[in-house]
Every structure is written in structure tokens, then in C-alpha cells.
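Comments concern the structure below.
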Amino acid sequence: MGRIIGIDLGTTNSGISFMDGEEPKIIPNDRGNRITPSVVAFTEKGEILIGEAAKNQAVINAEGTILSVKRYMGSDHIFNLKQHGVYSPEEISSFILKKLKKDAETFLGEEVTDAVITVPAYFKENQRKATREAGRLAGLNVKRIINEPTAAALAYAYSIKGKANILVYDLGGGTFDVTYLSKENNRFTVQSSRGKSNLGGIDFDNLLLGKVLDNFSKECGIDISTDKILMQQLRDQVERAKIELTSRENALIALPFITASNKPLHLQFEITRREFEVLIEEFIGSTVELSLAAIKDAGAKPENVETLILSGGSSRIPLVRSMLSSAFKLEPEKKINPEEVVALGAAIQASMLTGEVNDIVLTDITPFSLGVEIEGGKFVKILQANTRVPARKSRVFTTISDNQRSVEINILQGESENASENTSLGRFLLSGIRDGKRGEPRIEVIFSIDADGILRVKARDIDTKVEQKITINSAFREYDEISFKEKISIKNRVTSLVNRVSALSEKFDGFLDRSFKKEIGETIRIATKAIVNENVKELSKCLIVLETLIGELNSLCYDEEAGEYEQA
Ligand SMILES: Nc1ncnc2c1ncn2[C@@H]1O[C@H](COP(=O)(O)OP(=O)(O)OP(=O)(O)O)[C@@H](O)[C@H]1O
Ligand SMILES: [Mg+2]
């Protein structure tokens, strides 16, 4: 087998790595940088920029720049780049992968076709599949999808001898993951794993951004949240200030010459580290709680943790370090570079696949119990939580009434005895069961999870051999996936309604009285803030208000534009 590279496809930054003999190494990109911004941009001239080039022009081309595509992987979100066309998250992601592949080829001086790509442990099957698809579109053969925290642990543990209980805390730009694993000589066993999607540096930026905007509108009575260019500039400033607060006690956010009214205004906002910590304290607290929960899941105690590995850029925040240190009475491992450790682990996994490294045994787990619903709304577990993967297990069920010809299999994930309290991952019907008295037919239900964390369920009538199967959501993690998806979808709906209201109110400006215009302006301001903050509660409220507004605008202007409402 040829060389396989490792890729950490991050929300904000990506990294590539390879095995140089027995040592995993980072591959620098064409600019000599060890990480590449996960940013794609379409320019006026029709060029596609990726990485630093895309990030650097984001301010002047906010409309044509796509950030954080990873948050949309596996969703049906469409990026509408107007004259440049429409793209799926997989396609956008493939542009990033294509660049990483090219950079690796330049550096290694050979063609690269195979890769191991890392994903958050909580990624479901559709997100893993989307990641695979992005790889395929980029001309890569994705040999394995591995969990980011597992990769991080592998990278660390590869460099040490002996035994260790390791906690990997990964807080990046868009996701939080925590994994507890043990190492005994060269055997790595993941014991438990927890996480939260939509929690990372971007959320801290949004909190800070919200504060700055609030402050500015209070001081100057001006709302700049609808100005895309200003907002992108401000976003950059906010992120820079946040990073500065990691090494300094205070930071300044400044945007000179905002000419929203006739006299130029300057935005200036000073923030201390302590004030920033107050903003993010709750978020960080919840990550520490999840870390403690993961240890409890493994049947261990905080004092059992011997090594604390921090990965992800946001884990550099001093509050993260201090809260973790006091929870675990342990200092984080210093030799680790949080931005590189995941990619390095991917290279090690790759070399395990090629056989270059063959003395490591890695066992990952499914952190939830999986099973089916049975009579009376009860839940029967087929695979227990923390089962090592790959795994395969079956159970035989029967019918509940005479001559019952079909059964519905409802696949559930969770720990409650009551089916309704667990998460349904999918359902299917097995029909063609042989005639028989209740309790006679034998229906075997087989659950199997592969090493990529993809669950397949098969049901078959043992006598008639009729069978039905389904591949469903990744069994690795389910957490707030639903709320995440809902969040993205509601955010997209509100965004498109805001655009619609703006367009309509602009078009029919002459027909609208002052108070209606004010109401529209205010609604757009509130909605934009809710979009920026990804505040689901606010977004839901806005949805109703915006739809009402569109209705009113349409009825006002109906003569002018018959049928507008239909398209909203
Ligand atoms: N010194 C720092 N202090 C605080 N935050 C930082 C620092 N350096 C980087 N960050 C933040 O870390 C995030 C990027 O981290 P990283 O590159 O690990 O994320 P990622 O791998 O792209 O995301 P994910 O793993 O969630 O998909 C950004 O939000 C960035 O602002
Ligand atoms: Mg990451």
C-alpha cells in the first residue's frame, strides 16, 4: 500500500501530516504555515481561493466567502454564491481537501491519493458520509474516518512508554469533544466519550461580538449588524482581541471611521480578561462537567486521570486551563501543540493501516446503548454503551399477535428503559413474516458497527429468510445533533426571510409609512443579532414576526407584484 496522509479537517483550520519513518510530522502548506484556514472564497473575477488567501480577503468579500463549512456537513444546506453557482457543504469542503492534497503532493514530491480524515467523535453517519464524499470529490481515497480526540490521544500516547489513563479535552473553533482512554503498552482503549456540537471558539467570538454591538448601539444609536463588510471586519477584530486575552490582561477592539450617519464615528471597545471570562464561564463550565461525566461513564474517578491532553486552539484560553486543573488537580501536558496533535494522530492511524506501524492496537467505543423498541413502549438494548467497536450482536424477537405479517423495527439510542425517552435513529418495516401464532415466528435483529462508527441494522425472519436492512446514523454520538440541525435550519430560514424583507421593503419603499419602516428596521436588527448569536429562542420569535411582515408587505404591494408571497 502506498503512502496515506493524515488530515485534520477542522471548522476553522485544517492540518495535514505524514509518517516520516517512525515519526509523525506536519506538512506545511504552500505558504510554509503548519495549519491552513478552512476558508473558501469566490472572487469577482471568478477565482476560487482557499486557505490564507481566502481568509485575508474575507473582509472585502463577505458575500463570496465561506467560513466554518464543517458546521453544515451532512445537512442539506446550500451555499448560494449567486453568479458563481450553488454548492453543497461536501463540495465546499472538497475545495479545502483538494488544496491540502496539493500542498502535501508538493511537499512530498509525489502523488497523494489516500488519506485518513478526522471528524468530531459526535459526528453522525450522515456527517461521516459527507466527509467521505468531500474526500472523494477532492480525488482522495478516504481509507478511514477517525475520531479527533482518539487521534489526539494516539499522537500523545505514541510518544510515551508504559501505562497511562488519559483525558483528551478538545475545544476547537466549532466543536467540543472529550474522551477518556487508557493505554497499556501499545494497547489504546477508548473508555468513554462525550461532546457537544456547536460549542467552540466561534461561539465565544459571537458572545463578544454581541456585547460590542450592543454597546455601540447604546452609545451611538446606530446598528451596524446589517453591514456585512463592517461585520466581517468586526469579527476579525473580535477574534484577534479574544486571542490577545489569552496572553494579556486586556484588549482593544477598534473600527475607525464608520460612516453610517453624516458624521464619521469610531467604534472602540475595551475588554479585560476577567470580563471576557465572565462571558464564557458558563460554556467552559459545561465542558468541565461533560469531562467529569465522561470519566464517570468509564466507571472511573477524576483522580484516576494521569494525563490531561488539551487540543484545539480554544483550549489555550487560560480559564479553560484553570478550571480543568482545579477539577482534576492536574496540569495539562505541556509538550503538545493543541493545533497539531489531531493531524499527527491521523498520520499514525494511517501508518497503522499501511502496516508501517503494526504494534499498536486501538479500540474505540460507542458511548451509547443501542437497541430496539418492543411491546409496551419498552427499550431493549442490543449493544451496550461503551461497547468496543467494531462490534456485532443480535437478538431474536417474535410477534405479538396471531398471523402478524410484519413488524416495525424502531432503532433507538439511549439508556432509558422507556423507548420514548431515547433517541430514535430510524425505523423500518420487516414484512413477509410467515403466518403463525403469536410468539411463534423468530425474527433476528442484528446490530453491527464498523470501525468508522457506522451502524447497520438487519432484521430477518429466520424461517422465511425474508430480510430488511438499514444503515443509520452514526452510533458514536447523538447529543444535541437535533438541536444543532434545527438551529442551522432555523438560522437559514430567518436569514432568507431577512433578505426577503429587505428586498421587498427596498422595492416598495415609496408605499411604506415611517412607522412601518421603523418596525421593519427594528425587526431586521433583532433578527440579525439572533442570527449572529445563533439564539434559537430569538430566532423562532423572529421567524413569526418576519413571516407576518412579509405577509403585510405583500398585501400592501400586491398590485405591484402579484404572487410574491408564494416565493418567500
Ligand atoms: N491563543 C488562543 N486563545 C484563544 N482562542 C484561540 C487561540 N488560538 C486559537 N484560538 C481559537 O481556536 C479556534 C481554532 O481552533 P482549531 O484550529 O483547533 O479549531 P478547528 O480544528 O478548526 O475546529 P474543530 O476542531 O472544532 O472543528 C478559533 O476559534 C480560534 O479563535
Ligand atoms: Mg480541530
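Labels for the C-alpha cells follow display order: chains A, B, ..., residues from 1 in each chain, ligands from 1.
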Could the residues of chain A that have an atom at most 8 Å from ligand 2 be listed as a Markdown table, each with its closest atom pair and the distance in Å to one decimal, counting only C-alpha atoms and all ligand atoms and ordered by chain and ascending residue number?
| residue | atom | partner | partner_atom_place_in_ligand_line | distance |
| --- | --- | --- | --- | --- |
| A:Asp8 | CA | ligand 2 | 1 (Mg) | 6.6 |
| A:Leu9 | CA | ligand 2 | 1 (Mg) | 7.1 |
| A:Gly10 | CA | ligand 2 | 1 (Mg) | 4.6 |
| A:Thr11 | CA | ligand 2 | 1 (Mg) | 6.7 |
| A:Thr12 | CA | ligand 2 | 1 (Mg) | 7.8 |
| A:Asn13 | CA | ligand 2 | 1 (Mg) | 7.2 |
| A:Ser14 | CA | ligand 2 | 1 (Mg) | 7.4 |
| A:Pro120 | CA | ligand 2 | 1 (Mg) | 7.9 |
| A:Glu148 | CA | ligand 2 | 1 (Mg) | 7.1 |
| A:Asp170 | CA | ligand 2 | 1 (Mg) | 7.3 |
| A:Leu171 | CA | ligand 2 | 1 (Mg) | 7.3 |
| A:Gly172 | CA | ligand 2 | 1 (Mg) | 5.0 |
| A:Gly173 | CA | ligand 2 | 1 (Mg) | 6.9 |
| A:Gly174 | CA | ligand 2 | 1 (Mg) | 7.9 |
| A:Thr175 | CA | ligand 2 | 1 (Mg) | 7.6 |
| A:Ser311 | CA | ligand 2 | 1 (Mg) | 7.4 |
| A:Gly312 | CA | ligand 2 | 1 (Mg) | 5.2 |
| A:Gly313 | CA | ligand 2 | 1 (Mg) | 7.7 |
| A:Glu339 | CA | ligand 2 | 1 (Mg) | 7.0 |
| A:Val342 | CA | ligand 2 | 1 (Mg) | 6.9 |
Can those selected residues be exported to a file as a PDB file, in the first residue's frame so that it contains C-alpha atoms?
ATOM      1  CA  ASP A   8      -7.479  17.147  10.372  1.00  0.00           C
ATOM      2  CA  LEU A   9     -10.374  18.834   8.602  1.00  0.00           C
ATOM      3  CA  GLY A  10     -11.261  21.489  11.167  1.00  0.00           C
ATOM      4  CA  THR A  11     -14.038  24.056  11.421  1.00  0.00           C
ATOM      5  CA  THR A  12     -11.642  26.968  11.326  1.00  0.00           C
ATOM      6  CA  ASN A  13      -8.287  25.397  10.477  1.00  0.00           C
ATOM      7  CA  SER A  14      -7.105  22.219   8.846  1.00  0.00           C
ATOM      8  CA  PRO A 120     -15.527  15.000  15.860  1.00  0.00           C
ATOM      9  CA  GLU A 148     -10.481  13.618  16.615  1.00  0.00           C
ATOM     10  CA  ASP A 170     -10.628  19.085  22.572  1.00  0.00           C
ATOM     11  CA  LEU A 171     -12.098  22.562  22.222  1.00  0.00           C
ATOM     12  CA  GLY A 172     -11.626  23.920  18.720  1.00  0.00           C
ATOM     13  CA  GLY A 173     -13.379  26.512  16.624  1.00  0.00           C
ATOM     14  CA  GLY A 174     -16.688  24.742  16.283  1.00  0.00           C
ATOM     15  CA  THR A 175     -16.870  21.651  18.438  1.00  0.00           C
ATOM     16  CA  SER A 311      -6.250  20.004  21.898  1.00  0.00           C
ATOM     17  CA  GLY A 312      -7.930  22.656  19.760  1.00  0.00           C
ATOM     18  CA  GLY A 313      -6.994  26.342  19.638  1.00  0.00           C
ATOM     19  CA  GLU A 339      -3.461  22.818  16.861  1.00  0.00           C
ATOM     20  CA  VAL A 342      -5.106  15.746  15.869  1.00  0.00           C
TER      21      VAL A 342
END
- Task: Write out as a PyMOL selection string the residues lying within 12 Å of A:Val69, counting only C-alpha atoms and excluding same-chain residues fewer than 5 positions away.
- Result: chain A and resi 9-14+37-41+74-75+77-79+87-96+127+130-131+134+173-174+488
Expected file contents, prior selection, C-alpha atoms, as a CSV table (one decimal), in the first residue's frame:
chain,number,residue,atom,x,y,z
A,9,LEU,CA,-10.4,18.8,8.6
A,10,GLY,CA,-11.3,21.5,11.2
A,11,THR,CA,-14.0,24.1,11.4
A,12,THR,CA,-11.6,27.0,11.3
A,13,ASN,CA,-8.3,25.4,10.5
A,14,SER,CA,-7.1,22.2,8.8
A,37,PRO,CA,-7.6,28.2,7.4
A,38,SER,CA,-10.7,26.2,6.4
A,39,VAL,CA,-12.0,29.1,4.3
A,40,VAL,CA,-13.1,29.1,0.7
A,41,ALA,CA,-13.8,32.2,-1.3
A,74,GLY,CA,-24.3,16.3,6.5
A,75,SER,CA,-27.1,18.9,6.3
A,77,HIS,CA,-27.7,23.4,3.4
A,78,ILE,CA,-26.9,25.0,0.0
A,79,PHE,CA,-24.4,27.8,-0.3
A,87,TYR,CA,-22.6,24.4,-3.7
A,88,SER,CA,-23.3,21.7,-1.1
A,89,PRO,CA,-21.2,21.6,2.1
A,90,GLU,CA,-19.4,18.5,0.6
A,91,GLU,CA,-18.4,20.4,-2.4
A,92,ILE,CA,-17.1,23.4,-0.5
A,93,SER,CA,-15.3,21.1,1.9
A,94,SER,CA,-13.7,19.3,-1.1
A,95,PHE,CA,-12.1,22.5,-2.2
A,96,ILE,CA,-10.3,22.6,1.1
A,127,GLN,CA,-21.8,13.7,8.6
A,130,ALA,CA,-20.5,13.8,3.8
A,131,THR,CA,-16.8,13.9,4.9
A,134,ALA,CA,-15.9,15.5,0.2
A,173,GLY,CA,-13.4,26.5,16.6
A,174,GLY,CA,-16.7,24.7,16.3
A,488,ILE,CA,-28.9,25.6,11.3
- Item | strand (DSSP E or B) per DSSP on the backbone: members of stretch 242-372 of chain A, as an MDAnalysis selection string | chainID A and resid 250:258 265:272 307:311 361:366 370:372
For those residues, write C-alpha atoms to a file as a compact mmCIF listing (two decimals), in the first residue's frame.
# COMPACT_ATOMS: atom_id res chain seq x y z
CA ASN A 250 -6.88 43.43 28.31
CA ALA A 251 -7.53 44.02 24.65
CA LEU A 252 -8.95 46.70 22.43
CA ILE A 253 -11.45 46.27 19.64
CA ALA A 254 -11.45 49.26 17.33
CA LEU A 255 -13.03 50.12 13.98
CA PRO A 256 -12.32 53.67 12.89
CA PHE A 257 -14.48 55.75 10.57
CA ILE A 258 -17.82 54.09 10.49
CA LEU A 265 -17.93 57.59 14.06
CA HIS A 266 -15.32 55.36 15.62
CA LEU A 267 -16.06 52.12 17.33
CA GLN A 268 -13.85 51.45 20.30
CA PHE A 269 -14.36 48.79 22.93
CA GLU A 270 -12.00 47.78 25.65
CA ILE A 271 -12.32 44.47 27.40
CA THR A 272 -10.41 42.86 30.23
CA THR A 307 -2.54 12.80 31.86
CA LEU A 308 -4.55 15.71 30.60
CA ILE A 309 -4.20 16.44 26.90
CA LEU A 310 -5.58 19.68 25.56
CA SER A 311 -6.25 20.00 21.90
CA VAL A 361 -3.88 -1.80 18.92
CA LEU A 362 -6.60 0.81 19.05
CA THR A 363 -10.07 0.13 20.29
CA ASP A 364 -12.77 2.77 20.04
CA ILE A 365 -16.22 2.60 21.59
CA THR A 366 -19.84 3.52 21.07
CA LEU A 370 -28.30 0.82 21.02
CA GLY A 371 -31.35 -1.32 20.66
CA VAL A 372 -34.98 -1.55 19.58
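For the residues A:Gly201, A:Pro390, A:Gly135, A:Pro149, ranking by smallest atom-to-atom distance to ligand 1 using only C-alpha atoms and all ligand atoms places A:Gly201 first.
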- Task: Determine which residues of stretch 151-357 of chain A receive a DSSP assignment of helix (DSSP H, G or I), computed from the backbone, and state them as a PyMOL selection string.
- Result: chain A and resi 151-158+201-220+228-247+273-297+302-304+313-316+318-328+341-354
